[in-house]
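Take a look at the structure below.
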Amino acid sequence: MTIVHAPFATDEWWRTAVIYQVYPRSFADFGGSGIGNLRGITARLDHLAALGVDAVWISPFYRSPQKDAGYDVSDYRDIDPIFGTLGDADALIARAHQLGLRVIIDLVPNHTSDQHAWFQAALAAGPGSPERERYIFREGRGDGGTEPPNNWKSIFGGPAWTRVPDGQWYLHLFDSSQPDLDWNHPQVRSEFEDVLRFWLRRGVDGFRVDVAHGLVKADGLPDWHGTVEMVGGTEVSSTEIGSPVVGSPVVDDDTMRADPGAPEDGQTPAFGSGPMFDQDGVHEIYRSWRAVLDEFDDGERRSRALVAEAWVEPLSRLARYVRDDEMQQAFNFSFLTCLWDAAEYREAITGSLRAFDAVGAPTTWVLSNHDVVRHPSRFGLPVPGTKTNGIFAHETQPDEELGLRRGRAASAFMLALPGSAYLYQGEELGLPEHTALPDELREDPAHFRTGFAEAGRDGCRVPLPWEAAKPGFGFSPTGKTWLPQPESWAAYAADAQTGVPGSTLELYRKALRLRRERGLGGGGLEWLTGFPAEVLAFRVTAPPAAGDGSPAPTGGVVVLANLGTEAVPLPDDATVVLASADLPTGGILPADVTVWLEG
């Protein structure tokens, strides 16, 4: 037995919370347009309360041209008309709080829309103007400035620079409609602090910060010969590490294990992330944001929370984002990108717990979101766990039945892990990726900017099925859906699974109930020996009482997840409290199944 994480008592909700991501345009449509909206979310909040989650994270609903599904914001203080009004947002927050659900909203600080008033003013004002200083405008290179200022590539494909008619270029790490802000400008910093206060006054409980590692760029914007992928972070060419154009020394094992609590002194490089990501300057920004959130600590709902979307390696550097005076959570993408392999999961879990324990922060687990192929489909591929960037109809297709079996098993062991966990809408239904979308219906800019080489993210963003017998599976009162749903989704509809023993929805409900009753989010973790290497085997011990009058946890669990190909025996006299699939008689744990046993 190896102890890697100690149990803890807490009344800070974000340390143990299960948080459900809502992608607004695909969750529920109240009005009949075929695009989901805020009133649709409000109408379906009872589903989330019954599921047993603690909070809801809502992807962007701000006013936007929708070039990147709302991640191109033109006004951070207003709601896009396709989603509703500020009054609808207020009603949603109020109803969520009435049901005991906290509300986290998305914040997109790396870039704005090119339709934002600031960028329009910058275009009109011209080179050298104060208006342009809020963005990253530069003169071009080469004869007449016809070449981009450096060699950076857009994460969506193509160059990261676009030239405007007066000859200057502006930086956009994503689509050309998403110009990057210059976070060295004091007005940019004060503006976003005010945006935080605007939404905190309306009652939100926190913010998920998009591209949290990208706000600050290296001085001089040096050339870089690595590449950045939409999912999975960066890849560095063999000549790049230690290259003078990066401005960083060679990264060795000792550097990778650097104290995550160390100050930003410029001596520890951003490991392999390039000059556009994970620069030390981002931490000053988040310390100032944390101070803003602390202004709204009312002593009743306790602190508001910040969660970082940061593709950062190694884990010791990711842990810097969640030090005591910065953010509360950071998504664990090392866990999300694991292959279907017990040793790989064991390493990711151990490394994550130790890195985050070093700074006193919870580990935040996640398997799916709006940017990656849904995990049941990833686990149904010939190399299970690969292919995060979308799947075309002409490519090798996932085994839907096997993928769902593995997806349920993965969710079961994730929900037992100490810390916080995020669920992506529809995963409680076991939804697979839509891999047969006609190309002409795709909307993701990553599909177009890569010259159609990437399928993009539309396949995980298809509107949810609520009622099997209704047009559009009840997503919209008119049956309209902005992307078509597979016919096979009738079997996945929420009403087809409610109250059905063994359904994926009831599995999630039971797992979340047991997680809460047994205090697993605040539990300790011990690796168990004596099991085959293909079995992920750990005990989660119950935490001490929180001291706030809440019921004491009823006890931990032993978790066994068989990621191999052969069945293995369960321990003698094992009492199963949860199983991700039906178990045969005779005390056997089949392949691709997770069980929770009395601990």
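Each chain of the structure tokens is named A, B, ... in the order shown, its residues numbered from 1; ligands are numbered from 1 in display order.
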Nearby residues (only C-alpha atoms) at most 12 Å from Glu284 of chain A, same-chain spacing under 4 positions excluded, as a ChimeraX atom specification
/A:183-184,189,215-216,263-264,279-280,288-291,320-321,323,325-327
Using only C-alpha atoms, find each residue of segment 375-451 of chain A with at least one atom at most 10 Å away from an atom of segment 175-182 of chain A; report its shortest atom-to-atom pair and that distance in Å (one decimal), sort the rows by chain and rising residue number, and return the result as a Markdown table.
```
| residue | atom | partner | partner_atom | distance |
| --- | --- | --- | --- | --- |
| A:Pro445 | CA | A:Asp175 | CA | 6.9 |
| A:Ala446 | CA | A:Asp175 | CA | 8.1 |
| A:Arg449 | CA | A:Asp175 | CA | 7.9 |
```
Could you please take those selected residues and save N, CA and C atoms as a PDB file, in the first residue's frame?
```pdb
ATOM      1  N   PRO A 445     -14.073  26.948 -36.660  1.00  0.00           N
ATOM      2  CA  PRO A 445     -13.020  27.567 -37.486  1.00  0.00           C
ATOM      3  C   PRO A 445     -11.769  26.716 -37.623  1.00  0.00           C
ATOM      4  N   ALA A 446     -11.522  25.820 -36.668  1.00  0.00           N
ATOM      5  CA  ALA A 446     -10.357  24.948 -36.780  1.00  0.00           C
ATOM      6  C   ALA A 446     -10.461  24.044 -38.012  1.00  0.00           C
ATOM      7  N   ARG A 449      -9.541  26.572 -41.038  1.00  0.00           N
ATOM      8  CA  ARG A 449      -8.199  27.147 -41.052  1.00  0.00           C
ATOM      9  C   ARG A 449      -7.117  26.078 -41.235  1.00  0.00           C
TER      10      ARG A 449
END
```
Please report, as a ChimeraX atom specification, each residue of segment 475-598 of chain A to which DSSP assigns strand (DSSP E or B) when run on this structure's backbone.
/A:524-527,535-541,557-562,568-569,576-579,588-589,593-598
Just the selected residues (C-alpha atoms), exported as a PDB file, in the first residue's frame, please.
```pdb
ATOM      1  CA  GLY A 524      -7.266  10.320   1.060  1.00  0.00           C
ATOM      2  CA  LEU A 525      -5.869   8.025  -1.623  1.00  0.00           C
ATOM      3  CA  GLU A 526      -3.797   4.875  -1.163  1.00  0.00           C
ATOM      4  CA  TRP A 527      -2.576   2.632  -3.993  1.00  0.00           C
ATOM      5  CA  VAL A 535      -6.011  -3.188 -12.652  1.00  0.00           C
ATOM      6  CA  LEU A 536      -6.147   0.342 -11.277  1.00  0.00           C
ATOM      7  CA  ALA A 537      -6.550  -0.389  -7.559  1.00  0.00           C
ATOM      8  CA  PHE A 538      -6.830   2.249  -4.864  1.00  0.00           C
ATOM      9  CA  ARG A 539      -8.570   2.986  -1.585  1.00  0.00           C
ATOM     10  CA  VAL A 540     -10.185   6.347  -0.905  1.00  0.00           C
ATOM     11  CA  THR A 541     -10.334   6.913   2.838  1.00  0.00           C
ATOM     12  CA  VAL A 557     -14.315   2.878  -0.767  1.00  0.00           C
ATOM     13  CA  VAL A 558     -11.915   0.520  -2.513  1.00  0.00           C
ATOM     14  CA  VAL A 559     -11.887   1.169  -6.262  1.00  0.00           C
ATOM     15  CA  LEU A 560     -10.878  -1.513  -8.769  1.00  0.00           C
ATOM     16  CA  ALA A 561     -10.851  -0.667 -12.477  1.00  0.00           C
ATOM     17  CA  ASN A 562      -9.940  -3.480 -14.867  1.00  0.00           C
ATOM     18  CA  VAL A 568      -9.797 -10.910 -12.659  1.00  0.00           C
ATOM     19  CA  PRO A 569     -11.125 -12.200  -9.333  1.00  0.00           C
ATOM     20  CA  VAL A 576     -19.898  -4.116  -4.163  1.00  0.00           C
ATOM     21  CA  VAL A 577     -21.498  -0.706  -3.653  1.00  0.00           C
ATOM     22  CA  LEU A 578     -21.199   0.490  -7.272  1.00  0.00           C
ATOM     23  CA  ALA A 579     -20.384  -1.205 -10.579  1.00  0.00           C
ATOM     24  CA  ILE A 588     -15.282 -11.780 -11.064  1.00  0.00           C
ATOM     25  CA  LEU A 589     -14.345  -8.315 -12.327  1.00  0.00           C
ATOM     26  CA  VAL A 593     -15.396  -2.437 -15.653  1.00  0.00           C
ATOM     27  CA  THR A 594     -14.914  -0.405 -12.473  1.00  0.00           C
ATOM     28  CA  VAL A 595     -16.298  -1.351  -9.070  1.00  0.00           C
ATOM     29  CA  TRP A 596     -16.460   0.437  -5.751  1.00  0.00           C
ATOM     30  CA  LEU A 597     -16.197  -1.911  -2.780  1.00  0.00           C
ATOM     31  CA  GLU A 598     -16.792  -1.266   0.881  1.00  0.00           C
TER      32      GLU A 598
END
```
Find the residue from A:Gly32, A:Gly390, A:Gly281, A:Gly564 that sits nearest to Gly474 of chain A; use only C-alpha atoms when measuring.
A:Gly32
Please provide as number ranges by chain all residues within 10 Å of Glu517 of chain A, with the sequence filter that same-chain residues fewer than 2 positions apart are discarded (counting only C-alpha atoms).
A: 511-515, 519-520, 542, 551-556
I need the residues from that last selection saved to file as a CSV table (one decimal), in the first residue's frame (with C-alpha atoms), if you can.
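Below is the file selection_19.csv, written as the result:
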```csv
chain,number,residue,atom,x,y,z
A,511,ALA,CA,-22.0,7.5,-8.2
A,512,LEU,CA,-22.6,11.2,-7.3
A,513,ARG,CA,-24.8,10.3,-4.3
A,514,LEU,CA,-22.3,7.8,-2.9
A,515,ARG,CA,-19.4,10.3,-3.6
A,519,GLY,CA,-17.0,12.3,1.4
A,520,LEU,CA,-14.8,11.0,-1.4
A,542,ALA,CA,-13.1,9.0,4.4
A,551,PRO,CA,-23.4,14.9,8.4
A,552,ALA,CA,-20.1,13.0,8.9
A,553,PRO,CA,-19.1,10.9,5.8
A,554,THR,CA,-20.1,7.2,6.0
A,555,GLY,CA,-16.8,5.8,5.0
A,556,GLY,CA,-14.4,5.4,2.0
```
Do you know which residues are at most 8 Å from Thr450 of chain A counting only C-alpha atoms, after dropping those on the same chain fewer than 6 positions away, and could you put them as a list of chain:residue names?
A:Phe156, A:Gly157, A:Gly158
For Arg132 of chain A, which residue out of A:Gly459, A:Val188, A:Gly220, A:Pro362 is the nearest one, using only C-alpha atoms?
A:Val188
Tell me, which residues of segment 354-440 of chain A carry DSSP helix (DSSP H, G or I), written as number ranges by chain?
A: 354-357, 375-378, 400-414, 427-429, 439-440
Resulting file, chosen residues, C-alpha atoms, as a PDB file, in the first residue's frame:
```
ATOM      1  CA  ARG A 354       1.459  15.321  -5.326  1.00  0.00           C
ATOM      2  CA  ALA A 355       1.884  18.459  -7.464  1.00  0.00           C
ATOM      3  CA  PHE A 356      -1.322  20.057  -6.246  1.00  0.00           C
ATOM      4  CA  ASP A 357      -0.864  18.947  -2.645  1.00  0.00           C
ATOM      5  CA  HIS A 375     -14.479  10.094 -24.005  1.00  0.00           C
ATOM      6  CA  PRO A 376     -16.708   7.059 -24.778  1.00  0.00           C
ATOM      7  CA  SER A 377     -15.774   7.512 -28.438  1.00  0.00           C
ATOM      8  CA  ARG A 378     -12.071   8.047 -27.704  1.00  0.00           C
ATOM      9  CA  GLU A 400     -19.729   2.417 -29.787  1.00  0.00           C
ATOM     10  CA  GLU A 401     -20.594  -0.414 -27.387  1.00  0.00           C
ATOM     11  CA  LEU A 402     -17.011  -0.962 -26.214  1.00  0.00           C
ATOM     12  CA  GLY A 403     -16.422   2.778 -25.953  1.00  0.00           C
ATOM     13  CA  LEU A 404     -19.476   3.264 -23.759  1.00  0.00           C
ATOM     14  CA  ARG A 405     -18.408   0.378 -21.515  1.00  0.00           C
ATOM     15  CA  ARG A 406     -14.954   1.917 -21.060  1.00  0.00           C
ATOM     16  CA  GLY A 407     -16.379   5.415 -20.774  1.00  0.00           C
ATOM     17  CA  ARG A 408     -18.618   4.354 -17.906  1.00  0.00           C
ATOM     18  CA  ALA A 409     -15.690   2.618 -16.213  1.00  0.00           C
ATOM     19  CA  ALA A 410     -13.517   5.723 -16.557  1.00  0.00           C
ATOM     20  CA  SER A 411     -16.216   7.983 -15.173  1.00  0.00           C
ATOM     21  CA  ALA A 412     -16.697   5.640 -12.242  1.00  0.00           C
ATOM     22  CA  PHE A 413     -13.067   5.713 -11.152  1.00  0.00           C
ATOM     23  CA  MET A 414     -12.774   9.462 -11.840  1.00  0.00           C
ATOM     24  CA  GLU A 427     -21.749  12.480 -20.641  1.00  0.00           C
ATOM     25  CA  GLU A 428     -24.208  11.435 -17.926  1.00  0.00           C
ATOM     26  CA  LEU A 429     -26.241  10.008 -20.820  1.00  0.00           C
ATOM     27  CA  ASP A 439     -18.675  18.565 -43.790  1.00  0.00           C
ATOM     28  CA  GLU A 440     -20.869  21.314 -45.213  1.00  0.00           C
TER      29      GLU A 440
END
```
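Distance annotation: of A:Trp161, A:Trp365, A:Phe473, A:Trp57, the residue with the minimal separation from Gln329 of chain A is A:Trp365; atom set is only C-alpha atoms.
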Using atom CA of Gln115 of chain A and atom CA of Leu86 of chain A as the two end points, give the distance in Å to one decimal.
20.1 Å
For Trp466 of chain A, work out the shell of residues within 12 Å, counting only C-alpha atoms and skipping chain neighbours fewer than 4 positions away, then give it as a VMD selection string.
chain A and resid 26 to 29 40 44 47 425 to 426 428 to 429 431 470 to 477 479 485 489 to 498 505
Distance criterion (only C-alpha atoms): nearest to Val103 of chain A out of A:Val204, A:Ala49, A:Ala212, A:Ile79
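Closest candidate: A:Val204.
The space separating atom CA of Pro465 of chain A from atom CA of Pro484 of chain A comes to 11.0 Å.
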Using only C-alpha atoms, which residue out of A:Thr529, A:His97, A:Leu563, A:Glu395 lies closest to Phe379 of chain A?
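Selected residue with least distance to Phe379 of chain A: A:Leu563.
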List every residue of segment 115-169 of chain A that has an atom at most 12 Å from any atom of segment 73-78 of chain A, giving for each one its closest atom pair and the distance in Å to one decimal, counting only C-alpha atoms, sorted by chain and then by ascending residue number, as CSV.
```
residue,atom,partner,partner_atom,distance
A:Gln115,CA,A:Ser74,CA,5.6
A:His116,CA,A:Ser74,CA,4.0
A:Ala117,CA,A:Ser74,CA,7.1
A:Trp118,CA,A:Ser74,CA,8.9
A:Phe119,CA,A:Ser74,CA,9.2
A:Gln120,CA,A:Ser74,CA,10.2
```
Could you save those same residues with N, CA and C atoms as an mmCIF file, in the first residue's frame?
```cif
data_model
loop_
_atom_site.group_PDB
_atom_site.id
_atom_site.type_symbol
_atom_site.label_atom_id
_atom_site.label_comp_id
_atom_site.auth_asym_id
_atom_site.auth_seq_id
_atom_site.Cartn_x
_atom_site.Cartn_y
_atom_site.Cartn_z
ATOM 1 N N GLN A 115 -14.997 42.500 -33.676
ATOM 2 C CA GLN A 115 -16.110 43.442 -33.647
ATOM 3 C C GLN A 115 -16.222 44.175 -32.314
ATOM 4 N N HIS A 116 -15.352 43.870 -31.362
ATOM 5 C CA HIS A 116 -15.337 44.593 -30.089
ATOM 6 C C HIS A 116 -15.052 46.071 -30.356
ATOM 7 N N ALA A 117 -15.667 46.937 -29.571
ATOM 8 C CA ALA A 117 -15.497 48.381 -29.774
ATOM 9 C C ALA A 117 -14.031 48.793 -29.710
ATOM 10 N N TRP A 118 -13.261 48.163 -28.854
ATOM 11 C CA TRP A 118 -11.842 48.495 -28.746
ATOM 12 C C TRP A 118 -11.105 48.207 -30.060
ATOM 13 N N PHE A 119 -11.362 47.053 -30.655
ATOM 14 C CA PHE A 119 -10.629 46.698 -31.868
ATOM 15 C C PHE A 119 -11.085 47.553 -33.045
ATOM 16 N N GLN A 120 -12.353 47.839 -33.100
ATOM 17 C CA GLN A 120 -12.831 48.722 -34.169
ATOM 18 C C GLN A 120 -12.199 50.106 -34.049
#
```
Of A:Gly203, A:Ser420, A:Leu336, A:Leu437, the one sitting nearest Ala94 of chain A when using only C-alpha atoms is A:Gly203
